[in-house]
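Novice: my_file.cif is reproduced below (mmCIF, C-alpha atoms and all ligand atoms).
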data_model
#
loop_
_atom_site.label_atom_id
_atom_site.label_comp_id
_atom_site.auth_asym_id
_atom_site.auth_seq_id
_atom_site.Cartn_x
_atom_site.Cartn_y
_atom_site.Cartn_z
CA MET A 1 9.69 -8.55 -6.00
CA LEU A 2 7.35 -10.72 -3.95
CA TYR A 3 4.01 -11.79 -5.43
CA ARG A 4 0.73 -12.50 -3.70
CA ARG A 5 -2.51 -14.31 -4.53
CA PHE A 6 -5.12 -12.06 -6.07
CA GLY A 7 -8.07 -13.61 -4.26
CA ASN A 8 -9.60 -16.52 -6.16
CA THR A 9 -8.68 -15.18 -9.60
CA GLY A 10 -5.84 -17.66 -10.03
CA PHE A 11 -3.25 -15.01 -10.83
CA GLU A 12 -0.61 -13.38 -8.70
CA VAL A 13 0.08 -9.69 -8.28
CA SER A 14 3.22 -7.89 -7.22
CA ALA A 15 3.10 -6.80 -3.57
CA LEU A 16 3.57 -3.22 -4.81
CA GLY A 17 1.29 -1.67 -7.41
CA PHE A 18 1.84 1.62 -9.25
CA GLY A 19 -0.88 4.22 -8.59
CA CYS A 20 -1.31 6.79 -11.35
CA MET A 21 -3.18 9.46 -9.37
CA ARG A 22 -0.12 11.36 -8.15
CA LEU A 23 2.20 11.34 -11.14
CA PRO A 24 4.94 13.96 -11.35
CA LEU A 25 3.53 17.18 -12.81
CA ALA A 26 5.14 19.59 -15.21
CA SER A 27 4.40 22.52 -12.91
CA ALA A 28 6.49 23.28 -9.84
CA ASP A 29 3.24 24.30 -8.14
CA ALA A 30 2.51 20.60 -7.72
CA VAL A 31 4.07 21.07 -4.30
CA PHE A 32 1.03 23.14 -3.36
CA HIS A 33 -1.41 20.71 -4.93
CA LYS A 34 -2.33 22.76 -7.97
CA ASP A 35 -2.98 19.79 -10.23
CA ASP A 36 -3.59 21.38 -13.61
CA GLY A 37 -3.52 17.92 -15.22
CA GLU A 38 -0.20 18.56 -16.97
CA ILE A 39 1.69 15.37 -16.30
CA ASP A 40 5.47 15.39 -16.67
CA GLU A 41 5.24 12.50 -19.13
CA THR A 42 8.95 11.84 -19.52
CA THR A 43 9.61 11.49 -15.80
CA SER A 44 6.35 9.59 -15.22
CA ALA A 45 7.08 7.11 -18.01
CA ASP A 46 10.62 6.57 -16.68
CA LEU A 47 9.21 5.73 -13.25
CA LEU A 48 6.52 3.46 -14.64
CA HIS A 49 8.92 1.57 -16.91
CA TRP A 50 11.49 1.15 -14.16
CA ALA A 51 8.80 -0.19 -11.82
CA ILE A 52 7.64 -2.73 -14.41
CA ASP A 53 11.23 -3.75 -15.14
CA GLN A 54 11.62 -4.46 -11.39
CA GLY A 55 8.58 -6.74 -11.42
CA VAL A 56 5.66 -4.42 -10.58
CA ASN A 57 2.75 -5.93 -12.50
CA TYR A 58 -0.32 -4.01 -11.27
CA ILE A 59 -1.02 -0.50 -12.62
CA ASP A 60 -3.96 1.50 -11.27
CA THR A 61 -5.54 4.53 -12.92
CA ALA A 62 -9.04 6.03 -13.20
CA TYR A 63 -11.16 8.17 -15.47
CA PRO A 64 -10.78 11.48 -13.54
CA TYR A 65 -7.15 11.28 -12.40
CA HIS A 66 -5.07 14.31 -13.39
CA GLN A 67 -8.15 15.93 -14.88
CA GLY A 68 -8.68 13.04 -17.26
CA ASN A 69 -5.08 12.87 -18.46
CA SER A 70 -3.89 9.86 -16.45
CA GLU A 71 -5.58 7.16 -18.57
CA PRO A 72 -4.32 8.51 -21.92
CA PHE A 73 -0.83 8.86 -20.43
CA VAL A 74 -0.89 5.26 -19.17
CA GLY A 75 -2.12 4.11 -22.60
CA ARG A 76 0.87 5.78 -24.27
CA ALA A 77 3.40 4.70 -21.63
CA LEU A 78 2.41 1.02 -21.89
CA GLN A 79 3.20 0.86 -25.60
CA GLY A 80 6.38 -0.86 -26.71
CA GLY A 81 5.64 -4.17 -24.99
CA TYR A 82 4.83 -2.97 -21.45
CA ARG A 83 1.07 -3.50 -21.73
CA LYS A 84 1.28 -7.28 -21.84
CA ARG A 85 3.55 -7.39 -18.79
CA VAL A 86 1.01 -5.84 -16.40
CA HIS A 87 -2.48 -6.20 -14.99
CA LEU A 88 -4.12 -2.92 -15.93
CA ALA A 89 -6.79 -1.50 -13.61
CA THR A 90 -9.14 1.41 -14.18
CA LYS A 91 -12.55 2.46 -12.89
CA LEU A 92 -16.09 3.27 -13.94
CA PRO A 93 -16.79 6.89 -12.85
CA SER A 94 -19.83 6.12 -10.65
CA TRP A 95 -20.79 9.74 -10.04
CA LEU A 96 -21.24 10.38 -13.79
CA ILE A 97 -23.59 7.46 -14.40
CA GLN A 98 -27.15 8.44 -15.28
CA SER A 99 -28.20 5.46 -17.39
CA ARG A 100 -27.23 1.87 -18.25
CA GLN A 101 -25.85 3.13 -21.59
CA ASP A 102 -23.48 5.53 -19.83
CA MET A 103 -21.59 2.56 -18.38
CA ASP A 104 -20.84 1.05 -21.79
CA ARG A 105 -20.01 4.47 -23.16
CA TYR A 106 -17.41 5.22 -20.46
CA LEU A 107 -15.87 1.75 -20.68
CA ASP A 108 -15.50 2.03 -24.47
CA GLU A 109 -13.92 5.47 -24.10
CA GLN A 110 -11.52 4.10 -21.48
CA LEU A 111 -10.46 1.24 -23.76
CA THR A 112 -9.62 3.82 -26.41
CA ARG A 113 -7.78 6.09 -23.97
CA LEU A 114 -5.77 3.13 -22.66
CA GLN A 115 -5.09 1.76 -26.16
CA THR A 116 -6.16 -1.74 -25.16
CA ASP A 117 -8.89 -4.28 -26.04
CA CYS A 118 -9.35 -5.52 -22.50
CA ILE A 119 -9.03 -4.01 -19.03
CA ASP A 120 -7.78 -6.72 -16.68
CA CYS A 121 -9.20 -5.26 -13.48
CA TYR A 122 -12.22 -3.00 -13.84
CA LEU A 123 -13.56 -1.30 -10.73
CA VAL A 124 -16.76 0.50 -9.97
CA HIS A 125 -15.15 3.64 -8.58
CA THR A 126 -15.69 4.94 -5.06
CA ILE A 127 -18.88 3.17 -4.01
CA ASN A 128 -20.67 5.00 -1.20
CA ARG A 129 -24.23 5.47 0.04
CA SER A 130 -25.08 8.12 -2.51
CA PHE A 131 -23.81 6.33 -5.66
CA TRP A 132 -24.76 2.75 -4.73
CA PRO A 133 -28.58 3.02 -5.21
CA THR A 134 -28.11 4.77 -8.58
CA LEU A 135 -25.71 2.10 -9.77
CA ILE A 136 -28.17 -0.63 -8.78
CA GLU A 137 -31.05 1.24 -10.43
CA HIS A 138 -29.09 1.41 -13.70
CA ARG A 139 -28.23 -2.32 -13.52
CA VAL A 140 -24.51 -2.16 -12.91
CA PHE A 141 -24.28 -5.96 -12.46
CA ASP A 142 -25.85 -6.53 -15.86
CA PHE A 143 -23.24 -4.15 -17.29
CA LEU A 144 -20.36 -5.97 -15.56
CA ASP A 145 -21.66 -9.40 -16.64
CA GLY A 146 -21.91 -8.16 -20.23
CA ALA A 147 -18.45 -6.57 -20.27
CA ARG A 148 -16.89 -9.76 -18.86
CA ALA A 149 -18.76 -11.91 -21.37
CA ASP A 150 -17.72 -9.84 -24.39
CA GLY A 151 -14.09 -9.63 -23.17
CA ARG A 152 -13.83 -5.88 -22.58
CA ILE A 153 -12.98 -6.56 -18.92
CA ARG A 154 -11.47 -9.57 -17.23
CA PHE A 155 -12.17 -9.19 -13.51
CA ALA A 156 -14.75 -6.96 -11.82
CA GLY A 157 -14.12 -5.15 -8.56
CA PHE A 158 -15.01 -1.99 -6.71
CA SER A 159 -13.31 0.74 -4.74
CA PHE A 160 -14.95 1.87 -1.56
CA HIS A 161 -15.31 4.94 0.67
CA ASP A 162 -18.01 4.51 3.29
CA GLU A 163 -18.95 2.61 6.43
CA LEU A 164 -18.34 -1.07 7.18
CA ASP A 165 -21.98 -2.17 7.03
CA LEU A 166 -22.34 -0.88 3.46
CA PHE A 167 -19.01 -2.49 2.57
CA LYS A 168 -20.31 -5.90 3.63
CA GLU A 169 -23.55 -5.33 1.74
CA VAL A 170 -21.59 -4.52 -1.42
CA VAL A 171 -19.23 -7.50 -1.04
CA ASP A 172 -22.24 -9.82 -0.76
CA ALA A 173 -24.19 -8.25 -3.61
CA TYR A 174 -22.18 -9.57 -6.57
CA ASP A 175 -19.59 -12.07 -7.71
CA TRP A 176 -16.70 -9.60 -7.31
CA SER A 177 -13.13 -10.76 -7.90
CA PHE A 178 -11.53 -7.97 -5.84
CA CYS A 179 -12.03 -4.75 -3.94
CA GLN A 180 -9.94 -1.66 -3.24
CA ILE A 181 -9.99 -0.03 0.20
CA GLN A 182 -8.28 2.86 1.96
CA TYR A 183 -6.06 1.30 4.60
CA ASN A 184 -3.00 2.36 6.57
CA TYR A 185 -2.06 2.34 10.26
CA LEU A 186 -4.12 5.47 10.95
CA ASP A 187 -7.20 4.04 9.22
CA GLU A 188 -7.22 0.59 10.78
CA HIS A 189 -10.77 1.12 12.03
CA TYR A 190 -11.97 3.71 9.53
CA GLN A 191 -14.34 3.03 6.58
CA ALA A 192 -13.98 -0.68 5.62
CA GLY A 193 -10.91 -0.93 7.87
CA ARG A 194 -9.38 -4.12 9.19
CA ALA A 195 -12.79 -5.76 9.66
CA GLY A 196 -13.65 -5.09 6.01
CA LEU A 197 -10.28 -6.35 4.85
CA ASP A 198 -10.83 -9.63 6.73
CA TYR A 199 -14.42 -9.87 5.51
CA ALA A 200 -13.41 -9.53 1.86
CA SER A 201 -10.28 -11.68 1.93
CA THR A 202 -11.97 -14.59 3.70
CA ARG A 203 -14.62 -14.54 0.95
CA GLY A 204 -11.97 -14.97 -1.71
CA LEU A 205 -11.68 -11.38 -2.94
CA GLY A 206 -8.31 -9.94 -3.84
CA VAL A 207 -7.72 -6.85 -1.68
CA VAL A 208 -6.03 -3.79 -3.16
CA ILE A 209 -4.87 -1.04 -0.78
CA MET A 210 -5.06 2.65 -1.64
CA GLU A 211 -3.70 5.59 0.38
CA PRO A 212 -1.15 3.36 2.18
CA LEU A 213 0.81 6.41 3.37
CA ARG A 214 -2.32 8.51 3.75
CA GLY A 215 -1.38 10.42 0.66
CA GLY A 216 2.17 10.95 1.96
CA ARG A 217 1.21 12.25 5.42
CA LEU A 218 2.77 9.23 7.15
CA ALA A 219 6.05 9.74 5.30
CA ALA A 220 6.92 13.44 5.54
CA ASN A 221 6.25 16.47 7.79
CA LEU A 222 5.91 14.19 10.80
CA PRO A 223 5.02 15.37 14.28
CA ALA A 224 8.32 15.70 16.16
CA ALA A 225 7.16 13.07 18.67
CA VAL A 226 6.62 10.50 15.88
CA GLN A 227 10.02 11.23 14.35
CA GLN A 228 11.53 10.77 17.81
CA LEU A 229 9.74 7.42 18.15
CA TRP A 230 11.21 6.19 14.86
CA ASN A 231 14.66 7.57 15.77
CA GLN A 232 14.66 5.60 19.00
CA ALA A 233 13.38 2.35 17.49
CA PRO A 234 15.76 -0.61 17.86
CA VAL A 235 15.98 -0.84 14.07
CA ARG A 236 16.47 2.21 11.83
CA ARG A 237 13.67 2.57 9.24
CA SER A 238 12.16 5.47 7.34
CA PRO A 239 8.61 6.54 8.29
CA ALA A 240 7.39 5.21 4.92
CA GLU A 241 8.98 1.84 5.64
CA TRP A 242 7.18 1.54 8.99
CA ALA A 243 3.86 2.32 7.30
CA LEU A 244 4.42 -0.13 4.44
CA ARG A 245 5.61 -2.90 6.75
CA PHE A 246 2.38 -2.51 8.71
CA LEU A 247 0.45 -3.26 5.50
CA TRP A 248 2.45 -6.14 4.06
CA ASP A 249 2.28 -7.81 7.48
CA HIS A 250 -1.40 -8.59 6.67
CA PRO A 251 -1.73 -11.90 4.77
CA GLY A 252 -5.13 -10.83 3.38
CA ILE A 253 -3.70 -7.89 1.43
CA SER A 254 -2.90 -8.67 -2.20
CA VAL A 255 -1.33 -5.48 -3.53
CA VAL A 256 -0.42 -2.12 -1.98
CA LEU A 257 -0.76 0.75 -4.43
CA SER A 258 1.55 3.69 -4.02
CA GLY A 259 1.50 7.02 -5.83
CA MET A 260 5.23 7.48 -6.23
CA ASN A 261 6.55 10.59 -7.89
CA HIS A 262 10.30 10.44 -7.20
CA MET A 263 12.73 7.72 -8.15
CA ALA A 264 14.00 7.52 -4.56
CA GLN A 265 10.46 6.69 -3.35
CA LEU A 266 10.05 4.05 -6.01
CA VAL A 267 13.43 2.48 -5.23
CA GLU A 268 12.60 2.28 -1.53
CA ASN A 269 9.12 0.85 -2.09
CA VAL A 270 10.32 -1.73 -4.62
CA ARG A 271 13.08 -2.84 -2.24
CA LEU A 272 10.57 -3.31 0.58
CA ALA A 273 8.10 -5.10 -1.68
CA GLY A 274 10.87 -7.61 -2.32
CA GLU A 275 11.51 -8.39 1.33
CA VAL A 276 8.48 -7.87 3.62
CA ARG A 277 6.48 -11.04 4.18
CA PRO A 278 3.12 -11.54 5.91
CA ASN A 279 3.16 -11.86 9.71
CA SER A 280 6.69 -10.51 9.94
CA LEU A 281 6.16 -7.64 12.44
CA SER A 282 7.10 -8.38 16.04
CA ALA A 283 4.81 -7.44 18.96
CA PRO A 284 7.13 -4.55 20.06
CA GLU A 285 7.15 -3.22 16.47
CA ARG A 286 3.35 -3.28 16.38
CA ALA A 287 3.25 -1.46 19.72
CA LEU A 288 5.52 1.26 18.31
CA ILE A 289 3.19 1.77 15.36
CA ASP A 290 0.26 2.02 17.78
CA GLU A 291 2.10 4.77 19.66
CA ALA A 292 2.68 6.69 16.43
CA LYS A 293 -1.01 6.37 15.61
CA VAL A 294 -2.03 7.93 18.92
CA ILE A 295 0.31 10.90 18.40
CA TYR A 296 -1.00 11.53 14.87
CA ARG A 297 -4.60 11.30 16.01
CA GLN A 298 -3.97 13.96 18.65
CA ARG A 299 -2.38 16.41 16.20
CA MET A 300 -4.21 16.06 12.89
CA LYS A 301 -7.05 18.53 12.57
CA VAL A 302 -8.58 17.37 9.28
CA ASP A 303 -8.62 13.89 7.73
CA CYS A 304 -7.80 15.11 4.21
CA THR A 305 -5.69 12.67 2.17
CA ASN A 306 -5.03 15.11 -0.71
CA CYS A 307 -6.84 12.89 -3.18
CA GLY A 308 -8.17 15.89 -5.12
CA TYR A 309 -11.62 14.37 -5.71
CA CYS A 310 -13.16 17.68 -4.53
CA MET A 311 -11.39 19.63 -7.27
CA PRO A 312 -11.80 21.77 -9.26
CA CYS A 313 -13.73 24.14 -7.01
CA PRO A 314 -15.89 26.50 -9.12
CA ALA A 315 -14.74 29.41 -6.94
CA GLY A 316 -11.07 28.51 -7.39
CA VAL A 317 -10.34 27.36 -3.82
CA ASN A 318 -7.32 25.04 -3.60
CA ILE A 319 -9.00 22.78 -1.05
CA PRO A 320 -6.25 20.12 -0.59
CA GLY A 321 -3.57 22.81 -0.53
CA CYS A 322 -5.38 24.75 2.20
CA PHE A 323 -5.92 21.60 4.26
CA THR A 324 -2.31 20.47 3.94
CA LEU A 325 -1.12 23.77 5.37
CA PHE A 326 -3.82 23.75 8.04
CA ASN A 327 -2.76 20.26 9.17
CA ASN A 328 0.95 20.92 8.93
CA ALA A 329 0.64 24.09 10.98
CA HIS A 330 -0.78 21.95 13.81
CA ILE A 331 1.37 18.86 13.32
CA LEU A 332 4.59 20.86 13.20
CA GLU A 333 3.34 23.44 15.73
CA ASP A 334 4.37 26.31 13.46
CA VAL A 335 1.52 28.58 12.42
CA ALA A 336 3.77 31.51 11.44
CA THR A 337 5.64 29.67 8.66
CA HIS A 338 2.47 28.10 7.30
CA ARG A 339 0.75 31.47 7.31
CA ILE A 340 3.46 32.68 4.94
CA PHE A 341 3.05 29.59 2.73
CA TYR A 342 -0.71 30.20 2.70
CA ASN A 343 -0.47 33.83 1.70
CA VAL A 344 2.37 33.46 -0.78
CA HIS A 345 1.95 30.03 -2.35
CA ILE A 346 -1.77 29.34 -2.22
CA GLY A 347 -2.34 32.90 -3.41
CA PRO A 348 -5.37 35.22 -3.16
CA ALA A 349 -7.40 33.55 -5.92
CA HIS A 350 -7.18 30.11 -4.31
CA LYS A 351 -7.51 30.84 -0.59
CA ALA A 352 -10.28 29.48 1.63
CA SER A 353 -11.93 32.92 1.77
CA ASN A 354 -13.07 32.47 -1.87
CA CYS A 355 -15.48 29.70 -0.91
CA VAL A 356 -19.07 30.58 -1.85
CA GLU A 357 -20.40 27.57 0.09
CA CYS A 358 -22.00 25.81 -2.88
CA GLY A 359 -21.32 22.41 -1.22
CA LYS A 360 -20.20 20.67 -4.44
CA CYS A 361 -16.89 19.59 -2.92
CA GLU A 362 -18.53 17.91 0.08
CA GLU A 363 -20.56 15.62 -2.18
CA ALA A 364 -17.31 14.41 -3.78
CA CYS A 365 -15.13 14.02 -0.68
CA PRO A 366 -14.51 10.31 0.10
CA GLN A 367 -13.54 11.23 3.67
CA HIS A 368 -16.86 13.06 4.27
CA ILE A 369 -15.05 16.15 5.52
CA PRO A 370 -17.25 19.18 6.33
CA ILE A 371 -15.10 21.15 3.90
CA ARG A 372 -16.92 24.47 4.16
CA SER A 373 -16.53 24.72 7.90
CA VAL A 374 -12.90 23.53 7.90
CA LEU A 375 -12.11 26.15 5.27
CA LYS A 376 -13.49 28.78 7.62
CA GLU A 377 -11.20 27.48 10.37
CA THR A 378 -8.27 27.55 7.95
CA GLU A 379 -8.93 31.14 6.98
CA LYS A 380 -9.29 32.10 10.62
CA LEU A 381 -6.01 30.41 11.60
CA PHE A 382 -4.01 32.05 8.85
CA ASN A 383 -5.63 35.43 8.68
CA ASP A 384 -6.06 36.27 12.35
CA GLU A 385 -3.02 38.18 13.50
CA PRO A 386 -0.91 36.25 16.03
N1 LIG B 401 -10.28 4.36 -5.86
C1 LIG B 401 -10.12 5.40 -5.12
O1 LIG B 401 -11.09 5.96 -4.60
C2 LIG B 401 -8.71 5.88 -4.88
C3 LIG B 401 -8.47 6.90 -3.96
C4 LIG B 401 -7.18 7.24 -3.70
C5 LIG B 401 -6.15 6.57 -4.36
N2 LIG B 401 -6.39 5.61 -5.25
C6 LIG B 401 -5.31 4.89 -5.97
O2 LIG B 401 -4.39 4.39 -5.01
C7 LIG B 401 -3.09 4.86 -5.35
C8 LIG B 401 -2.26 4.98 -4.10
O3 LIG B 401 -2.82 5.97 -3.24
P1 LIG B 401 -1.95 7.23 -2.90
O4 LIG B 401 -1.39 7.80 -4.15
O5 LIG B 401 -2.80 8.09 -2.04
O6 LIG B 401 -0.75 6.53 -2.08
P2 LIG B 401 0.08 7.01 -0.81
O7 LIG B 401 1.27 6.11 -0.82
O8 LIG B 401 -0.76 7.05 0.42
O9 LIG B 401 0.52 8.49 -1.12
C9 LIG B 401 1.39 8.76 -2.16
C10 LIG B 401 2.38 9.82 -1.69
O10 LIG B 401 3.20 9.24 -0.68
C11 LIG B 401 4.52 9.73 -0.81
N3 LIG B 401 5.43 8.57 -0.91
C12 LIG B 401 5.27 7.39 -1.59
N4 LIG B 401 6.32 6.57 -1.34
C13 LIG B 401 7.15 7.23 -0.49
C14 LIG B 401 8.38 6.91 0.13
N5 LIG B 401 8.98 5.75 -0.04
N6 LIG B 401 8.96 7.85 0.94
C15 LIG B 401 8.37 9.05 1.15
N7 LIG B 401 7.20 9.41 0.60
C16 LIG B 401 6.60 8.50 -0.21
C17 LIG B 401 4.53 10.66 -1.99
O11 LIG B 401 4.28 11.95 -1.41
P3 LIG B 401 4.86 13.33 -2.03
O12 LIG B 401 4.13 13.51 -3.30
O13 LIG B 401 4.47 14.34 -1.00
O14 LIG B 401 6.31 13.14 -2.22
C18 LIG B 401 3.32 10.24 -2.79
O15 LIG B 401 2.75 11.26 -3.54
C19 LIG B 401 -3.34 6.16 -6.10
O16 LIG B 401 -2.23 6.60 -6.82
C20 LIG B 401 -4.53 5.77 -6.92
O17 LIG B 401 -4.07 5.01 -8.05
C21 LIG B 401 -7.66 5.25 -5.50
S1 LIG B 402 -18.28 24.76 -1.08
FE1 LIG B 402 -16.68 26.29 -1.34
S2 LIG B 402 -14.80 25.10 -1.54
FE2 LIG B 402 -16.50 23.69 -1.90
S3 LIG B 402 -16.77 23.68 -4.14
FE3 LIG B 402 -18.18 25.22 -3.31
S4 LIG B 402 -17.04 27.13 -3.37
FE4 LIG B 402 -15.55 25.49 -3.62
S1 LIG B 403 -11.00 17.46 1.02
FE1 LIG B 403 -11.67 15.36 0.66
S2 LIG B 403 -11.84 15.18 -1.59
FE2 LIG B 403 -10.63 17.01 -1.16
S3 LIG B 403 -8.53 16.33 -1.26
FE3 LIG B 403 -9.15 16.20 0.90
S4 LIG B 403 -9.89 14.09 1.20
FE4 LIG B 403 -9.79 14.47 -1.04
#
Could you render the structure as structure tokens?
Ligand SMILES: NC(=O)c1ccc[n+]([C@@H]2O[C@H](COP(=O)([O-])OP(=O)(O)OC[C@H]3O[C@@H](n4cnc5c(N)ncnc54)[C@H](OP(=O)(O)O)[C@@H]3O)[C@@H](O)[C@H]2O)c1
Ligand code: SF4
Ligand code: SF4
Specialist:
Amino acid sequence: MLYRRFGNTGFEVSALGFGCMRLPLASADAVFHKDDGEIDETTSADLLHWAIDQGVNYIDTAYPYHQGNSEPFVGRALQGGYRKRVHLATKLPSWLIQSRQDMDRYLDEQLTRLQTDCIDCYLVHTINRSFWPTLIEHRVFDFLDGARADGRIRFAGFSFHDELDLFKEVVDAYDWSFCQIQYNYLDEHYQAGRAGLDYASTRGLGVVIMEPLRGGRLAANLPAAVQQLWNQAPVRRSPAEWALRFLWDHPGISVVLSGMNHMAQLVENVRLAGEVRPNSLSAPERALIDEAKVIYRQRMKVDCTNCGYCMPCPAGVNIPGCFTLFNNAHILEDVATHRIFYNVHIGPAHKASNCVECGKCEEACPQHIPIRSVLKETEKLFNDEP
């Protein structure tokens, strides 16, 4: 395992971090994104322990992941000596904050859930234009100062989903130790993007990457033209390897989080985290990645990363499941097969047609997707006869 500076904190983090938002689920329906919060704890703990035994020392969870079950799972899994071997990260649920007291209340609950006295890396979760003013109004910096002073947290950071100008404003607003941004070769100029990454790292912040494979979209169900590009590359690499190499090539990145739910994925990512160094991509390799980016951009119809932040929908719509099939039908140019998946696996109670247009999901979506209108397109694609 290679280790990298975590900004100006003075400690080093493993190049690969373990994200606990996409843990293996007990239900086979996980394939169609029905996250009922029932984590397959045995398999998940095996993966987590193996990762730590290989040198992974950064574990990322959050209050809402797996319907609130991720933090308690991590708390249990880190017993038996694992807790002290890792930097544990979790996040203040910004969208639930209605007072200064709420912040202390959630942090105390998280310490209990995680069975720890101190959270090493505490993030204000998913800062965007709607949550930021409320957080300021309720004196979030006073809360962070207090929690650092009384030892409940060690380093303060934030995760971010909005435009670059707000990102810079947030970076400059407080003495943050680190930030977490969505970054991968498709999102080089999206949200904080490369400019935000450079802005934060040159100011001494550790930079944590989320969605490095765009929730798995850069690793599986590839457009045929992208697969062909990788097949013809001078060196044979999996699609996930190309995407991860793009990230670790950046010297400003501290740790790349991955939500791994199979041992084979973990083994591959750990191997790469032990060998890919900054500035190691050649110019032709970068050009190849740029070509892949163009092909994806032409085919993808909706920028959904399957994060599940929009769920649960009060009307039962399986939003990420619908969007996965909608995208895959276009990427793989196969509407007929995906129509069958839609009707059989998503099922009548969870199809796009159930949407009552309340708009709740759109407030939560970090990608700012016009969910209601894309659901209409999804329903039209799959329910219009060919
Ligand atoms: N703060 C925030 O707002 C926020 C938002 C999103 C994520 N996060 C954090 O960041 C972490 C990482 O993001 P992410 O889970 O979206 O990461 P990601 O790496 O973009 O997506 C994870 C998915 O990629 C696939 N995968 C991983 N390694 C692979 C490999 N070697 N080969 C093939 N497929 C592979 C798996 O897909 P399959 O399941 O399809 O096999 C896995 O579920 C999360 O777990 C979470 O802790 C934070
Ligand atoms: S707008 Fe539709 S999909 Fe979104 S939460 Fe409301 S009912 Fe569900
Ligand atoms: S629609 Fe938005 S919130 Fe829902 S899974 Fe996709 S990216 Fe996440």
Novice: Using all atoms listed in the file, which residue out of A:Gly204, A:Pro366, A:Gly259, A:Gly274 lies closest to ligand LIG 401 (chain B)?
Specialist: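 Counting all atoms listed in the file, the residue closest to ligand LIG 401 (chain B) is A:Gly259.
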Novice: Go through the chains and note each residue within 10 Å of ligand LIG 402 (chain B), using all atoms listed in the file, then give the set as a PyMOL selection string.
Specialist: chain A and resi 310-320+350-365+370-376
Novice: Taking the point (3.1, 19.4, 14.2) as given in the file, collect each protein or nucleic acid residue that comes within 10 Å of it, counting all atoms listed in the file, and present the set as a PDB file with C-alpha atoms, in the coordinates of the input.
Specialist:
ATOM      1  CA  ASN A 221       6.250  16.470   7.790  1.00  0.00           C
ATOM      2  CA  LEU A 222       5.910  14.190  10.800  1.00  0.00           C
ATOM      3  CA  PRO A 223       5.020  15.370  14.280  1.00  0.00           C
ATOM      4  CA  ALA A 224       8.320  15.700  16.160  1.00  0.00           C
ATOM      5  CA  ALA A 225       7.160  13.070  18.670  1.00  0.00           C
ATOM      6  CA  VAL A 226       6.620  10.500  15.880  1.00  0.00           C
ATOM      7  CA  ILE A 295       0.310  10.900  18.400  1.00  0.00           C
ATOM      8  CA  TYR A 296      -1.000  11.530  14.870  1.00  0.00           C
ATOM      9  CA  GLN A 298      -3.970  13.960  18.650  1.00  0.00           C
ATOM     10  CA  ARG A 299      -2.380  16.410  16.200  1.00  0.00           C
ATOM     11  CA  MET A 300      -4.210  16.060  12.890  1.00  0.00           C
ATOM     12  CA  ASN A 327      -2.760  20.260   9.170  1.00  0.00           C
ATOM     13  CA  ASN A 328       0.950  20.920   8.930  1.00  0.00           C
ATOM     14  CA  ALA A 329       0.640  24.090  10.980  1.00  0.00           C
ATOM     15  CA  HIS A 330      -0.780  21.950  13.810  1.00  0.00           C
ATOM     16  CA  ILE A 331       1.370  18.860  13.320  1.00  0.00           C
ATOM     17  CA  LEU A 332       4.590  20.860  13.200  1.00  0.00           C
ATOM     18  CA  GLU A 333       3.340  23.440  15.730  1.00  0.00           C
ATOM     19  CA  ASP A 334       4.370  26.310  13.460  1.00  0.00           C
ATOM     20  CA  VAL A 335       1.520  28.580  12.420  1.00  0.00           C
TER      21      VAL A 335
END
Novice: Assuming 3 Å of padding per side, give the centre and edge lengths of the axis-aligned box around every listed atom of ligand LIG 403 (chain B), in Å to one decimal and as AutoDock Vina command-line options.
Specialist:
--center_x -10.2 --center_y 15.8 --center_z -0.2 --size_x 9.3 --size_y 9.4 --size_z 8.8
Novice: Could you state the separation of CA of Gly321 (chain A) and atom S3 of ligand LIG 403 (chain B) in Å, given to one decimal place?
Specialist: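 That distance, rounded to one decimal, is 8.2 Å.
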Novice: Return the single residue from A:Glu377, A:Glu137, A:Glu291, A:Asp303 that is closest to ligand LIG 403 (chain B), with distances computed using only C-alpha atoms and all ligand atoms.
Specialist: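 Among the listed residues, A:Asp303 lies closest to ligand LIG 403 (chain B).
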Novice: What's the separation between CA of Gly308 (chain A) and CA of Leu47 (chain A), in Å to one decimal place?
Specialist: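 Calculated distance between CA of Gly308 (chain A) and CA of Leu47 (chain A) is 21.7 Å.
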Novice: List the neighbours of Arg85 (chain A) out to 10 Å using all atoms listed in the file; skip same-chain residues closer than 5 positions along the sequence, and give me the result as a list in words.
Specialist: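 Contacts, in chain order: Ile52, Asp53, Gly55, Val56, Asn57, Tyr58 and Leu78 of chain A.
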Novice: Which residues come within 12 Å of region 106-108 of chain A, counting all atoms listed in the file, excluding same-chain residues fewer than 5 positions away, as a PyMOL selection string?
Specialist: chain A and resi 62-64+71+89-101+113-119+122-124+143-144+146-148+151-153
Novice: Rounded to one decimal, what separation in Å do you get between CA of Arg154 (chain A) and CA of Asn184 (chain A)?
Specialist: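 We find that CA of Arg154 (chain A) and CA of Asn184 (chain A) lie 27.9 Å from each other.
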Novice: Using all atoms listed in the file, can you list as a list in words the residues within 12 Å of (-8.8, -17.5, 2.5)?
Specialist: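 Output: Arg5, Phe6, Gly7, Asn8, Leu197, Asp198, Tyr199, Ala200, Ser201, Thr202, Arg203, Gly204, Leu205, Gly206, Val207, Pro251, Gly252, Ile253 and Ser254 of chain A.
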Novice: Pick from A:Asp120, A:Asp249, A:Asp35, A:Glu163: nearest to ligand LIG 403 (chain B), with all atoms listed in the file counted?
Specialist: A:Asp35
Novice: Excluding Arg76 (chain A) and any residue of its chain fewer than 3 positions from it, enumerate the residues within 12 Å of it, using all atoms listed in the file, and give them as a list of chain:residue names.
Specialist: A:Glu41, A:Thr42, A:Ser44, A:Ala45, A:Leu48, A:His49, A:Asn69, A:Ser70, A:Glu71, A:Pro72, A:Phe73, A:Gln79, A:Gly80, A:Gly81, A:Tyr82, A:Arg83, A:Thr112, A:Arg113, A:Leu114, A:Gln115, A:Thr116
